[in-house]
Amino acid sequence: MPVSFPVPWDTLEAVTPADFTIRNAAALIGGGDPWAAALPEPQSLPEDLVAEGHAIPVARVQAMHEGKRRARAARDPS
């Protein structure tokens, strides 16, 4: 069974989804983080932006997700 697996852009054309399965994914990753070297350094967010995010009412976020869920259900009634 294929699994999601990190693949660098330069090797993308040389692999297929069948190359990464539930049986071999852990061994392919080994003990490290395959993306650690490719990620940028963590960034700090301005305090005012963090405060703005904290000010969004939880009910509003839940309503947004519920609206998206209903829209998906309407598009794909299965």
# chains A, B, ... in the order shown; residues from 1 in each chain; ligands from 1
>>> residues_around(residues="Arg23 of chain A", least_positions_apart="6", cutoff="10 Å", atoms="only C-alpha atoms", output="list in words")
Met1, Pro2 and Val3 of chain A
>>> write_last_selection(atoms="C-alpha atoms", output="PDB file, in the first residue's frame")
ATOM      1  CA  MET A   1       0.000   0.000   0.000  1.00  0.00           C
ATOM      2  CA  PRO A   2       1.589   3.340  -1.070  1.00  0.00           C
ATOM      3  CA  VAL A   3       2.080   6.059   1.539  1.00  0.00           C
TER       4      VAL A   3
END
>>> residues_around(residues="Ile29 of chain A", least_positions_apart="4", cutoff="10 Å", atoms="only C-alpha atoms", output="list in words")
Phe5, Pro6, Asn24, Ala25, Asp33 and Pro34 of chain A
>>> write_last_selection(atoms="N, CA, C and O atoms", output="PDB file, in the first residue's frame")
ATOM      1  N   PHE A   5       5.128  10.374   1.057  1.00  0.00           N
ATOM      2  CA  PHE A   5       6.547  10.328   1.381  1.00  0.00           C
ATOM      3  C   PHE A   5       7.243  11.547   0.789  1.00  0.00           C
ATOM      4  O   PHE A   5       6.977  11.928  -0.337  1.00  0.00           O
ATOM      5  N   PRO A   6       8.148  12.162   1.538  1.00  0.00           N
ATOM      6  CA  PRO A   6       8.855  13.334   1.004  1.00  0.00           C
ATOM      7  C   PRO A   6       9.835  12.949  -0.104  1.00  0.00           C
ATOM      8  O   PRO A   6      10.629  12.038   0.051  1.00  0.00           O
ATOM      9  N   ASN A  24       8.192  -0.128   3.666  1.00  0.00           N
ATOM     10  CA  ASN A  24       9.571   0.346   3.536  1.00  0.00           C
ATOM     11  C   ASN A  24       9.794   1.810   3.914  1.00  0.00           C
ATOM     12  O   ASN A  24      10.923   2.273   3.966  1.00  0.00           O
ATOM     13  N   ALA A  25       8.732   2.563   4.186  1.00  0.00           N
ATOM     14  CA  ALA A  25       8.870   4.004   4.440  1.00  0.00           C
ATOM     15  C   ALA A  25       9.747   4.295   5.661  1.00  0.00           C
ATOM     16  O   ALA A  25      10.624   5.167   5.596  1.00  0.00           O
ATOM     17  N   ASP A  33      15.244  13.434   9.844  1.00  0.00           N
ATOM     18  CA  ASP A  33      14.179  14.189   9.210  1.00  0.00           C
ATOM     19  C   ASP A  33      14.616  14.474   7.772  1.00  0.00           C
ATOM     20  O   ASP A  33      15.549  15.235   7.548  1.00  0.00           O
ATOM     21  N   PRO A  34      13.953  13.884   6.766  1.00  0.00           N
ATOM     22  CA  PRO A  34      14.400  14.048   5.386  1.00  0.00           C
ATOM     23  C   PRO A  34      14.297  15.478   4.872  1.00  0.00           C
ATOM     24  O   PRO A  34      14.929  15.826   3.886  1.00  0.00           O
TER      25      PRO A  34
END
>>> closest_residue(among="A:Val7, A:Ala63, A:Ala71, A:Ala18", to="Trp35 of chain A", atoms="only C-alpha atoms")
A:Val7
>>> select_by_dssp(residues="chain A", states="alpha helix (DSSP H)", output="PyMOL selection string")
chain A and resi 25-29+47-54+58-75
>>> atom_distance(atom1="atom CA of Ile22 of chain A", atom2="atom CA of Ser4 of chain A")
9.3 Å
>>> atom_distance(atom1="atom CA of Ala27 of chain A", atom2="atom CA of Val15 of chain A")
16.5 Å
